[in-house]
file my_file.cif (mmCIF, C-alpha atoms)
data_protein
#
loop_
_atom_site.label_atom_id
_atom_site.label_comp_id
_atom_site.auth_asym_id
_atom_site.auth_seq_id
_atom_site.Cartn_x
_atom_site.Cartn_y
_atom_site.Cartn_z
CA MET N 575 3.41 78.27 -4.27
CA SER N 576 2.03 81.78 -3.84
CA THR N 577 4.12 84.90 -4.30
CA THR N 578 6.16 86.43 -1.48
CA ASP N 579 8.63 88.94 -2.91
CA THR N 580 11.43 89.01 -0.36
CA THR N 581 11.37 85.65 1.39
CA VAL N 582 14.08 83.02 1.14
CA VAL N 583 14.05 79.32 2.01
CA GLY N 584 16.36 77.81 4.59
CA ILE N 585 16.97 74.04 4.58
CA ASP N 586 18.50 72.19 7.51
CA VAL N 587 19.52 68.60 6.76
CA GLY N 588 20.26 66.52 9.84
CA GLY N 589 21.02 62.90 10.47
CA THR N 590 17.46 62.38 11.74
CA ASN N 591 15.25 65.01 10.07
CA ILE N 592 15.19 67.51 7.22
CA GLU N 593 13.55 70.84 8.05
CA VAL N 594 12.73 73.66 5.67
CA GLY N 595 11.29 77.09 6.28
CA LEU N 596 10.19 80.20 4.41
CA VAL N 597 12.00 83.07 6.13
CA THR N 598 11.63 86.85 6.00
CA ALA N 599 14.40 89.45 6.04
CA GLU N 600 13.59 89.93 9.75
CA HIS N 601 14.36 86.20 10.37
CA THR N 602 10.72 85.24 10.95
CA VAL N 603 9.73 81.76 9.75
CA LEU N 604 6.43 82.14 7.90
CA ASP N 605 5.92 78.53 6.90
CA ARG N 606 7.76 75.31 7.58
CA ALA N 607 7.83 71.62 6.69
CA LYS N 608 9.70 68.60 8.03
CA ALA N 609 10.43 65.00 7.05
CA VAL N 610 12.57 62.10 8.23
CA THR N 611 15.98 62.05 6.55
CA PRO N 612 16.05 59.16 4.05
CA GLU N 613 18.64 56.46 4.70
CA THR N 614 18.82 55.48 1.03
CA GLY N 615 21.45 57.87 -0.30
CA PRO N 616 21.83 61.36 -1.78
CA ASP N 617 19.21 61.08 -4.54
CA ASP N 618 16.39 60.44 -2.08
CA VAL N 619 17.61 63.20 0.23
CA LEU N 620 17.58 65.64 -2.69
CA GLN N 621 14.08 64.58 -3.72
CA THR N 622 12.83 64.97 -0.14
CA ILE N 623 14.29 68.48 -0.02
CA ILE N 624 12.63 69.39 -3.32
CA ASP N 625 9.25 68.04 -2.19
CA LEU N 626 9.42 69.88 1.14
CA VAL N 627 10.34 73.21 -0.43
CA HIS N 628 7.59 72.92 -3.02
CA SER N 629 5.11 72.33 -0.19
CA LEU N 630 5.83 75.77 1.32
CA ASP N 631 3.36 78.61 0.76
CA GLY N 632 5.59 81.16 -0.94
CA ASP N 633 7.94 81.84 -3.85
CA PRO N 634 11.47 82.35 -2.49
CA ILE N 635 14.05 84.57 -4.16
CA ALA N 636 16.88 82.30 -3.00
CA VAL N 637 17.51 79.03 -1.17
CA GLY N 638 20.14 78.16 1.45
CA LEU N 639 21.08 74.64 2.52
CA GLY N 640 22.96 73.33 5.55
CA ILE N 641 24.36 69.79 5.28
CA PRO N 642 26.14 67.81 8.05
CA GLY N 643 29.57 67.49 6.48
CA VAL N 644 32.47 69.26 4.79
CA VAL N 645 31.26 71.42 1.88
CA HIS N 646 33.31 73.13 -0.80
CA GLU N 647 32.48 74.73 -4.16
CA GLY N 648 28.91 73.46 -4.27
CA GLN N 649 29.72 69.91 -3.19
CA ALA N 650 29.34 67.92 0.01
CA LEU N 651 32.79 66.33 0.21
CA THR N 652 32.23 64.10 3.24
CA VAL N 653 28.97 63.46 5.10
CA PRO N 654 29.75 60.73 7.66
CA ASN N 655 26.37 60.69 9.42
CA LEU N 656 24.18 60.22 6.34
CA VAL N 657 23.80 56.75 4.86
CA GLY N 658 25.16 56.21 1.35
CA TRP N 659 27.13 59.45 1.00
CA THR N 660 30.36 57.67 0.08
CA HIS N 661 31.72 60.20 -2.44
CA PRO N 662 31.49 63.98 -3.10
CA VAL N 663 27.94 64.98 -4.05
CA GLY N 664 27.05 68.08 -6.08
CA LEU N 665 24.07 69.81 -4.47
CA ILE N 666 23.79 73.31 -5.89
CA ALA N 667 23.19 72.39 -9.54
CA PRO N 668 20.24 69.98 -9.04
CA LEU N 669 18.57 72.26 -6.50
CA SER N 670 19.07 75.36 -8.65
CA ASP N 671 17.45 73.49 -11.53
CA ALA N 672 14.54 72.41 -9.33
CA PHE N 673 13.82 75.85 -7.84
CA ASN N 674 15.09 78.19 -10.57
CA VAL N 675 16.65 80.52 -7.96
CA PRO N 676 20.20 80.89 -6.56
CA VAL N 677 21.18 78.19 -4.06
CA SER N 678 23.85 78.55 -1.37
CA LEU N 679 25.46 75.65 0.51
CA GLY N 680 27.04 75.49 3.96
CA ASN N 681 27.89 73.09 6.74
CA ASP N 682 24.87 72.57 9.00
CA ALA N 683 26.61 73.64 12.21
CA ASN N 684 28.04 76.73 10.52
CA VAL N 685 24.62 77.81 9.32
CA GLY N 686 23.10 76.96 12.70
CA LEU N 687 25.53 79.34 14.37
CA LEU N 688 24.85 81.91 11.65
CA GLY N 689 21.17 81.75 12.60
CA GLU N 690 21.95 82.23 16.28
CA TRP N 691 24.33 85.10 15.41
CA ALA N 692 21.67 86.80 13.30
CA ALA N 693 18.71 86.34 15.62
CA GLY N 694 19.57 84.23 18.68
CA ALA N 695 22.02 83.53 21.48
CA ALA N 696 25.15 84.55 19.55
CA ARG N 697 23.94 88.11 18.81
CA GLY N 698 26.70 90.60 19.52
CA GLY N 699 29.41 87.96 19.93
CA ARG N 700 32.76 88.57 18.24
CA ASN N 701 34.53 85.28 18.93
CA VAL N 702 31.95 82.53 19.19
CA LEU N 703 31.94 78.75 18.91
CA GLY N 704 28.68 77.03 18.11
CA LEU N 705 28.50 73.46 19.43
CA TRP N 706 25.67 71.34 18.01
CA MET N 707 24.90 68.05 19.75
CA GLY N 708 22.77 65.79 17.57
CA THR N 709 23.31 62.61 15.57
CA GLY N 710 26.91 63.78 15.45
CA VAL N 711 28.71 66.72 17.02
CA GLY N 712 29.01 69.80 14.82
CA GLY N 713 30.66 73.15 15.29
CA GLY N 714 30.75 76.60 13.71
CA LEU N 715 32.83 79.71 14.28
CA ILE N 716 32.46 83.47 14.38
CA LEU N 717 35.95 85.01 14.63
CA ASP N 718 36.67 88.72 14.99
CA GLY N 719 33.01 89.45 14.29
CA ARG N 720 32.75 87.49 11.05
CA PRO N 721 31.70 83.94 10.12
CA TYR N 722 34.80 81.79 9.61
CA THR N 723 34.70 78.60 7.54
CA GLY N 724 38.38 78.10 6.70
CA ALA N 725 40.23 77.35 3.47
CA ARG N 726 37.73 74.78 2.19
CA GLY N 727 34.69 75.13 4.43
CA ALA N 728 35.83 72.64 7.06
CA ALA N 729 36.59 74.96 10.00
CA GLY N 730 34.79 74.49 13.30
CA GLU N 731 34.61 70.67 13.23
CA ILE N 732 34.98 70.32 17.00
CA GLY N 733 33.33 66.90 16.87
CA HIS N 734 36.44 65.63 15.10
CA VAL N 735 38.95 67.07 17.52
CA VAL N 736 40.80 64.04 18.91
CA VAL N 737 40.29 63.87 22.67
CA LEU N 738 41.83 60.42 23.23
CA ALA N 739 44.53 59.08 20.92
CA GLY N 740 43.62 55.56 19.81
CA GLY N 741 40.21 55.84 21.48
CA ALA N 742 36.73 54.91 20.32
CA LEU N 743 36.07 54.52 16.59
CA CYS N 744 34.35 57.55 15.06
CA SER N 745 31.98 57.62 12.09
CA CYS N 746 34.69 59.51 10.17
CA GLY N 747 36.94 56.43 10.36
CA ARG N 748 39.44 57.81 12.86
CA ARG N 749 39.73 56.99 16.54
CA GLY N 750 39.29 59.16 19.59
CA CYS N 751 37.21 62.02 18.15
CA ALA N 752 34.87 63.87 20.50
CA GLU N 753 31.95 62.72 18.34
CA ALA N 754 32.84 59.09 19.02
CA TYR N 755 31.79 59.72 22.63
CA ALA N 756 29.22 62.52 22.38
CA GLY N 757 27.30 62.00 19.13
CA ARG N 758 23.93 60.30 19.59
CA LYS N 759 24.78 57.77 16.86
CA SER N 760 27.96 56.72 18.66
CA MET N 761 26.27 56.75 22.08
CA ARG N 762 23.52 54.51 20.71
CA GLY N 763 26.14 52.05 19.43
CA THR N 764 27.87 51.98 22.80
CA ALA N 765 24.59 51.51 24.65
CA THR N 766 23.60 48.65 22.32
CA ALA N 767 26.93 46.89 22.87
CA MET N 768 26.75 47.29 26.63
CA VAL N 769 23.20 45.93 26.78
CA ALA N 770 24.36 42.92 24.72
CA ALA N 771 27.09 42.43 27.33
CA GLY N 772 24.53 42.33 30.13
CA ARG N 773 24.04 45.92 31.28
CA GLU N 774 20.51 47.12 31.98
CA THR N 775 19.00 50.39 30.83
CA SER N 776 15.63 51.99 30.25
CA LEU N 777 16.83 53.71 27.07
CA PHE N 778 15.40 51.17 24.65
CA ASP N 779 12.15 50.75 26.60
CA ILE N 780 11.64 54.52 26.45
CA ARG N 781 12.44 54.47 22.73
CA ASP N 782 9.85 51.76 22.11
CA ALA N 783 7.22 53.52 24.26
CA GLU N 784 7.79 56.69 22.23
CA GLU N 785 7.43 54.62 19.03
CA LYS N 786 10.83 55.83 17.85
CA THR N 787 13.36 53.92 15.77
CA LYS N 788 16.39 55.72 17.23
CA LEU N 789 17.57 56.95 20.60
CA THR N 790 16.47 60.53 20.04
CA SER N 791 17.32 63.51 22.23
CA LYS N 792 13.88 63.12 23.84
CA VAL N 793 14.68 59.51 24.75
CA TRP N 794 18.05 60.45 26.26
CA ALA N 795 16.50 63.31 28.23
CA ALA N 796 13.82 61.01 29.65
CA ALA N 797 16.38 58.37 30.65
CA LEU N 798 18.55 61.00 32.32
CA GLU N 799 15.54 62.37 34.19
CA ASP N 800 14.82 58.83 35.41
CA GLU N 801 18.48 58.63 36.58
CA ASP N 802 19.07 55.57 34.43
CA ALA N 803 22.57 54.38 35.37
CA LEU N 804 23.84 53.54 31.89
CA ALA N 805 22.42 56.69 30.28
CA THR N 806 23.92 58.79 33.08
CA GLU N 807 27.31 57.11 32.65
CA LEU N 808 27.43 57.51 28.87
CA PHE N 809 26.21 61.10 29.01
CA GLY N 810 28.77 61.91 31.69
CA THR N 811 31.51 60.55 29.42
CA ALA N 812 30.16 62.66 26.56
CA ILE N 813 30.34 65.81 28.69
CA ASP N 814 33.86 65.00 29.90
CA MET N 815 35.19 64.37 26.39
CA LEU N 816 33.56 67.50 25.01
CA GLY N 817 35.12 69.38 27.91
CA VAL N 818 38.58 68.36 26.68
CA ALA N 819 37.77 69.55 23.15
CA LEU N 820 36.18 72.81 24.32
CA GLY N 821 38.96 73.72 26.72
CA SER N 822 41.63 73.11 24.09
CA THR N 823 39.65 75.04 21.48
CA ASN N 824 39.40 78.01 23.80
CA ASN N 825 43.16 77.89 24.38
CA LEU N 826 43.60 78.25 20.63
CA LEU N 827 40.94 80.85 19.86
CA ASP N 828 40.28 82.82 23.09
CA LEU N 829 36.50 82.81 22.75
CA ASP N 830 33.94 85.11 24.35
CA ARG N 831 30.97 82.79 23.92
CA VAL N 832 30.06 79.15 23.33
CA VAL N 833 26.52 78.57 22.05
CA VAL N 834 25.26 75.04 22.68
CA GLY N 835 22.52 73.84 20.33
CA GLY N 836 20.93 70.72 18.90
CA GLY N 837 18.25 68.39 20.19
CA LEU N 838 19.91 67.70 23.53
CA ALA N 839 20.28 71.42 24.22
CA GLU N 840 16.59 71.93 23.52
CA LYS N 841 15.67 69.20 26.02
CA LEU N 842 18.21 69.94 28.76
CA GLY N 843 18.47 73.72 28.49
CA GLN N 844 21.03 75.93 30.20
CA ASP N 845 22.01 73.11 32.56
CA LEU N 846 23.74 71.39 29.64
CA ALA N 847 25.68 74.55 28.76
CA ASP N 848 26.71 74.96 32.39
CA ARG N 849 27.91 71.35 32.63
CA LEU N 850 30.01 71.78 29.50
CA HIS N 851 31.54 74.98 30.88
CA THR N 852 32.47 73.18 34.09
CA ALA N 853 33.96 70.26 32.14
CA ALA N 854 36.00 72.59 29.92
CA GLU N 855 37.57 74.75 32.63
CA PRO N 856 40.19 72.23 33.85
CA TRP N 857 41.56 72.06 30.29
CA MET N 858 41.85 75.81 29.82
CA LEU N 859 45.25 77.44 30.19
CA GLN N 860 43.59 80.42 31.83
CA PRO N 861 39.80 80.40 32.30
CA SER N 862 38.41 83.76 31.21
CA PRO N 863 35.63 85.64 33.04
CA LYS N 864 34.62 86.97 29.59
CA LEU N 865 33.79 83.47 28.31
CA HIS N 866 30.10 82.53 28.60
CA PHE N 867 28.42 79.24 27.74
CA VAL N 868 24.79 79.72 26.68
CA VAL N 869 22.12 77.49 25.24
CA ALA N 870 20.86 78.28 21.74
CA GLU N 871 17.65 80.32 21.58
CA LEU N 872 16.18 79.38 18.21
CA GLY N 873 15.79 75.62 18.69
CA ASP N 874 14.95 73.79 15.47
CA ASP N 875 14.80 77.13 13.67
CA ALA N 876 18.54 77.87 14.09
CA GLY N 877 19.56 75.86 11.04
CA VAL N 878 16.62 77.07 8.95
CA VAL N 879 17.18 80.74 9.83
CA GLY N 880 20.94 80.37 9.36
CA ALA N 881 20.58 78.72 5.96
CA ALA N 882 18.15 81.47 4.94
CA THR N 883 20.63 84.11 6.14
CA LEU N 884 23.35 82.43 4.06
CA ALA N 885 21.08 82.50 1.01
CA ARG N 886 20.13 86.12 1.49
CA SER N 887 23.72 87.28 1.97
CA ALA N 888 24.74 85.53 -1.25
CA ILE N 889 22.29 87.54 -3.36
CA ILE N 890 23.00 90.94 -1.79
CA ALA N 891 25.67 92.84 -3.67
CA PRO N 892 28.68 93.72 -1.47
#
call {"tool": "encode", "arguments": {"input": "my_file.cif", "output": "structure tokens"}}
result
Amino acid sequence: MSTTDTTVVGIDVGGTNIEVGLVTAEHTVLDRAKAVTPETGPDDVLQTIIDLVHSLDGDPIAVGLGIPGVVHEGQALTVPNLVGWTHPVGLIAPLSDAFNVPVSLGNDANVGLLGEWAAGAARGGRNVLGLWMGTGVGGGLILDGRPYTGARGAAGEIGHVVVLAGGALCSCGRRGCAEAYAGRKSMRGTATAMVAAGRETSLFDIRDAEEKTKLTSKVWAAALEDEDALATELFGTAIDMLGVALGSTNNLLDLDRVVVGGGLAEKLGQDLADRLHTAAEPWMLQPSPKLHFVVAELGDDAGVVGAATLARSAIIAP
């Protein structure tokens, strides 16, 4: 890698892809790389990260990493949407050894919101929830003008707010979480079961035509545009269940902004944010005219820029 004196690397690990970027202090991504997330456990994910970072054209002064799970003291404690992550995994030590620079670790949704707060749709917000709709449903918080991660880094997990006691089984092992209805992984499982029971849908035909192995956000968006009945039904349920979680969360935190990100937000745009706002209002004690739902601005770069911001803040003396 060539020398760039002030750049940092941001790494965004998702259930579908891993994205890395070389980022300036002004939040510009100079170089980027991407690969499919391995489904063979933590060791292969770590090696993919290392290979991607080494492919970038620059020498970073620090590295930041967002991972889709609960993180604490350099470990990923639980990562329900990655295959083979059945126990706490130390991430900082092996990556620090590989890159020989400081490495910072955060939850992927937290760092995604950090990116939007630094350079996107959350700029200027003081009490903000970031809602990321992807393989799972992630969340991050800015409270009283500062990032908030809680006592052990687990704050903001709106995907695991229970919206129906005893409801659908979630990847976390509990029942009735919002993610069990609104995460793409769960929606795919429901669609598969319903097709096996005799329902018809274009979802899997679109997937095959796109030469995909999963029901990606692009596949869901295409099926919704075609007014596919099953896709429309499942997506409507996802919106309704997230509305319960969002309305209750606002009752607790009195937010001024909800930033909606992830693959579905990129495909569906502000219409998705508006639908979520409408679904949340009936569950709010007192809907506030100061609360705005907006779609994320940075797209795929939110997690990369946020992870880079996390890395940079960790090496700047207070």
call {"tool": "resolve_selection", "arguments": {"input": "my_file.cif", "expression": "the PyMOL selection byres ((chain N and resi 595-602) around 9)", "output": "short mmCIF file (atom, residue, chain, number, x, y, z; two decimals) with C-alpha atoms, keeping the file's coordinate frame"}}
result
data_model
loop_
_atom_site.label_atom_id
_atom_site.label_comp_id
_atom_site.auth_asym_id
_atom_site.auth_seq_id
_atom_site.Cartn_x
_atom_site.Cartn_y
_atom_site.Cartn_z
CA THR N 580 11.43 89.01 -0.36
CA THR N 581 11.37 85.65 1.39
CA VAL N 582 14.08 83.02 1.14
CA VAL N 583 14.05 79.32 2.01
CA GLY N 584 16.36 77.81 4.59
CA ILE N 585 16.97 74.04 4.58
CA ASP N 586 18.50 72.19 7.51
CA GLU N 593 13.55 70.84 8.05
CA VAL N 594 12.73 73.66 5.67
CA VAL N 603 9.73 81.76 9.75
CA LEU N 604 6.43 82.14 7.90
CA ASP N 605 5.92 78.53 6.90
CA ARG N 606 7.76 75.31 7.58
CA ALA N 607 7.83 71.62 6.69
CA LYS N 608 9.70 68.60 8.03
CA VAL N 627 10.34 73.21 -0.43
CA LEU N 630 5.83 75.77 1.32
CA ASP N 631 3.36 78.61 0.76
CA GLY N 632 5.59 81.16 -0.94
CA ASP N 633 7.94 81.84 -3.85
CA PRO N 634 11.47 82.35 -2.49
CA GLY N 689 21.17 81.75 12.60
CA ALA N 692 21.67 86.80 13.30
CA ALA N 693 18.71 86.34 15.62
CA ASP N 875 14.80 77.13 13.67
CA VAL N 878 16.62 77.07 8.95
CA VAL N 879 17.18 80.74 9.83
CA GLY N 880 20.94 80.37 9.36
CA ALA N 882 18.15 81.47 4.94
CA THR N 883 20.63 84.11 6.14
CA ARG N 886 20.13 86.12 1.49
#
call {"tool": "residues_around", "arguments": {"input": "my_file.cif", "residues": "N:Asp830", "least_positions_apart": "4", "cutoff": "10 Å", "atoms": "all atoms listed in the file", "output": "ChimeraX atom specification"}}
result
/N:699-703,717,824,862-867
call {"tool": "write_last_selection", "arguments": {"input": "my_file.cif", "atoms": "C-alpha atoms", "output": "PDB file, in the frame of the given file"}}
result
ATOM      1  CA  GLY N 699      29.410  87.960  19.930  1.00  0.00           C
ATOM      2  CA  ARG N 700      32.760  88.570  18.240  1.00  0.00           C
ATOM      3  CA  ASN N 701      34.530  85.280  18.930  1.00  0.00           C
ATOM      4  CA  VAL N 702      31.950  82.530  19.190  1.00  0.00           C
ATOM      5  CA  LEU N 703      31.940  78.750  18.910  1.00  0.00           C
ATOM      6  CA  LEU N 717      35.950  85.010  14.630  1.00  0.00           C
ATOM      7  CA  ASN N 824      39.400  78.010  23.800  1.00  0.00           C
ATOM      8  CA  SER N 862      38.410  83.760  31.210  1.00  0.00           C
ATOM      9  CA  PRO N 863      35.630  85.640  33.040  1.00  0.00           C
ATOM     10  CA  LYS N 864      34.620  86.970  29.590  1.00  0.00           C
ATOM     11  CA  LEU N 865      33.790  83.470  28.310  1.00  0.00           C
ATOM     12  CA  HIS N 866      30.100  82.530  28.600  1.00  0.00           C
ATOM     13  CA  PHE N 867      28.420  79.240  27.740  1.00  0.00           C
TER      14      PHE N 867
END
call {"tool": "atom_distance", "arguments": {"input": "my_file.cif", "atom1": "atom CA of N:Pro721", "atom2": "atom CA of N:Gly704"}}
result
11.0 Å
call {"tool": "residues_around", "arguments": {"input": "my_file.cif", "residues": "N:Thr622", "least_positions_apart": "6", "cutoff": "12 Å", "atoms": "only C-alpha atoms", "output": "list of chain:residue names"}}
result
N:Ile585, N:Asp586, N:Val587, N:Asn591, N:Ile592, N:Glu593, N:Val594, N:Ala607, N:Lys608, N:Ala609, N:Val610, N:Thr611, N:Pro612, N:Glu613, N:Thr614, N:Gly615, N:Pro616, N:His628, N:Ser629, N:Leu669, N:Ala672
call {"tool": "resolve_selection", "arguments": {"input": "my_file.cif", "expression": "the PyMOL selection byres ((chain N and resi 668) around 12)", "output": "NGL selection string"}}
result
:N and (616-617 or 619-621 or 623-624 or 648-649 or 663-667 or 669-677)
call {"tool": "write_last_selection", "arguments": {"input": "my_file.cif", "atoms": "C-alpha atoms", "output": "PDB file, keeping the file's coordinate frame"}}
result
ATOM      1  CA  PRO N 616      21.830  61.360  -1.780  1.00  0.00           C
ATOM      2  CA  ASP N 617      19.210  61.080  -4.540  1.00  0.00           C
ATOM      3  CA  VAL N 619      17.610  63.200   0.230  1.00  0.00           C
ATOM      4  CA  LEU N 620      17.580  65.640  -2.690  1.00  0.00           C
ATOM      5  CA  GLN N 621      14.080  64.580  -3.720  1.00  0.00           C
ATOM      6  CA  ILE N 623      14.290  68.480  -0.020  1.00  0.00           C
ATOM      7  CA  ILE N 624      12.630  69.390  -3.320  1.00  0.00           C
ATOM      8  CA  GLY N 648      28.910  73.460  -4.270  1.00  0.00           C
ATOM      9  CA  GLN N 649      29.720  69.910  -3.190  1.00  0.00           C
ATOM     10  CA  VAL N 663      27.940  64.980  -4.050  1.00  0.00           C
ATOM     11  CA  GLY N 664      27.050  68.080  -6.080  1.00  0.00           C
ATOM     12  CA  LEU N 665      24.070  69.810  -4.470  1.00  0.00           C
ATOM     13  CA  ILE N 666      23.790  73.310  -5.890  1.00  0.00           C
ATOM     14  CA  ALA N 667      23.190  72.390  -9.540  1.00  0.00           C
ATOM     15  CA  LEU N 669      18.570  72.260  -6.500  1.00  0.00           C
ATOM     16  CA  SER N 670      19.070  75.360  -8.650  1.00  0.00           C
ATOM     17  CA  ASP N 671      17.450  73.490 -11.530  1.00  0.00           C
ATOM     18  CA  ALA N 672      14.540  72.410  -9.330  1.00  0.00           C
ATOM     19  CA  PHE N 673      13.820  75.850  -7.840  1.00  0.00           C
ATOM     20  CA  ASN N 674      15.090  78.190 -10.570  1.00  0.00           C
ATOM     21  CA  VAL N 675      16.650  80.520  -7.960  1.00  0.00           C
ATOM     22  CA  PRO N 676      20.200  80.890  -6.560  1.00  0.00           C
ATOM     23  CA  VAL N 677      21.180  78.190  -4.060  1.00  0.00           C
TER      24      VAL N 677
END
call {"tool": "closest_residue", "arguments": {"input": "my_file.cif", "among": "N:Thr660, N:Leu872, N:Ala636, N:Asp625", "to": "N:Ile890", "atoms": "all atoms listed in the file"}}
result
N:Ala636
call {"tool": "closest_residue", "arguments": {"input": "my_file.cif", "among": "N:Ala756, N:Ala728, N:Leu777, N:Glu799", "to": "N:Leu651", "atoms": "all atoms listed in the file"}}
result
N:Ala728
call {"tool": "residues_around", "arguments": {"input": "my_file.cif", "residues": "N:Val711", "least_positions_apart": "6", "cutoff": "6 Å", "atoms": "only C-alpha atoms", "output": "ChimeraX atom specification"}}
result
/N:733,753,757
call {"tool": "atom_distance", "arguments": {"input": "my_file.cif", "atom1": "atom CA of N:Asp802", "atom2": "atom CA of N:Val737"}}
result
25.6 Å
call {"tool": "residues_near_point", "arguments": {"input": "my_file.cif", "point": "(31.6, 69.9, 30.4)", "cutoff": "12 Å", "atoms": "only C-alpha atoms", "output": "PyMOL selection string"}}
result
chain N and resi 705+756+809-821+832+834+845-858+867
call {"tool": "resolve_selection", "arguments": {"input": "my_file.cif", "expression": "the PyMOL selection byres ((chain N and resi 731) around 10)", "output": "PDB file with C-alpha atoms, in the coordinates of the input"}}
result
ATOM      1  CA  GLY N 643      29.570  67.490   6.480  1.00  0.00           C
ATOM      2  CA  VAL N 644      32.470  69.260   4.790  1.00  0.00           C
ATOM      3  CA  ASN N 681      27.890  73.090   6.740  1.00  0.00           C
ATOM      4  CA  ALA N 683      26.610  73.640  12.210  1.00  0.00           C
ATOM      5  CA  ASN N 684      28.040  76.730  10.520  1.00  0.00           C
ATOM      6  CA  GLY N 704      28.680  77.030  18.110  1.00  0.00           C
ATOM      7  CA  LEU N 705      28.500  73.460  19.430  1.00  0.00           C
ATOM      8  CA  VAL N 711      28.710  66.720  17.020  1.00  0.00           C
ATOM      9  CA  GLY N 712      29.010  69.800  14.820  1.00  0.00           C
ATOM     10  CA  GLY N 713      30.660  73.150  15.290  1.00  0.00           C
ATOM     11  CA  GLY N 714      30.750  76.600  13.710  1.00  0.00           C
ATOM     12  CA  LEU N 715      32.830  79.710  14.280  1.00  0.00           C
ATOM     13  CA  THR N 723      34.700  78.600   7.540  1.00  0.00           C
ATOM     14  CA  GLY N 727      34.690  75.130   4.430  1.00  0.00           C
ATOM     15  CA  ALA N 728      35.830  72.640   7.060  1.00  0.00           C
ATOM     16  CA  ALA N 729      36.590  74.960  10.000  1.00  0.00           C
ATOM     17  CA  GLY N 730      34.790  74.490  13.300  1.00  0.00           C
ATOM     18  CA  ILE N 732      34.980  70.320  17.000  1.00  0.00           C
ATOM     19  CA  GLY N 733      33.330  66.900  16.870  1.00  0.00           C
ATOM     20  CA  HIS N 734      36.440  65.630  15.100  1.00  0.00           C
ATOM     21  CA  VAL N 735      38.950  67.070  17.520  1.00  0.00           C
ATOM     22  CA  ALA N 752      34.870  63.870  20.500  1.00  0.00           C
ATOM     23  CA  GLU N 753      31.950  62.720  18.340  1.00  0.00           C
TER      24      GLU N 753
END
call {"tool": "atom_distance", "arguments": {"input": "my_file.cif", "atom1": "atom CA of N:Leu798", "atom2": "atom CA of N:Glu774"}}
result
14.0 Å
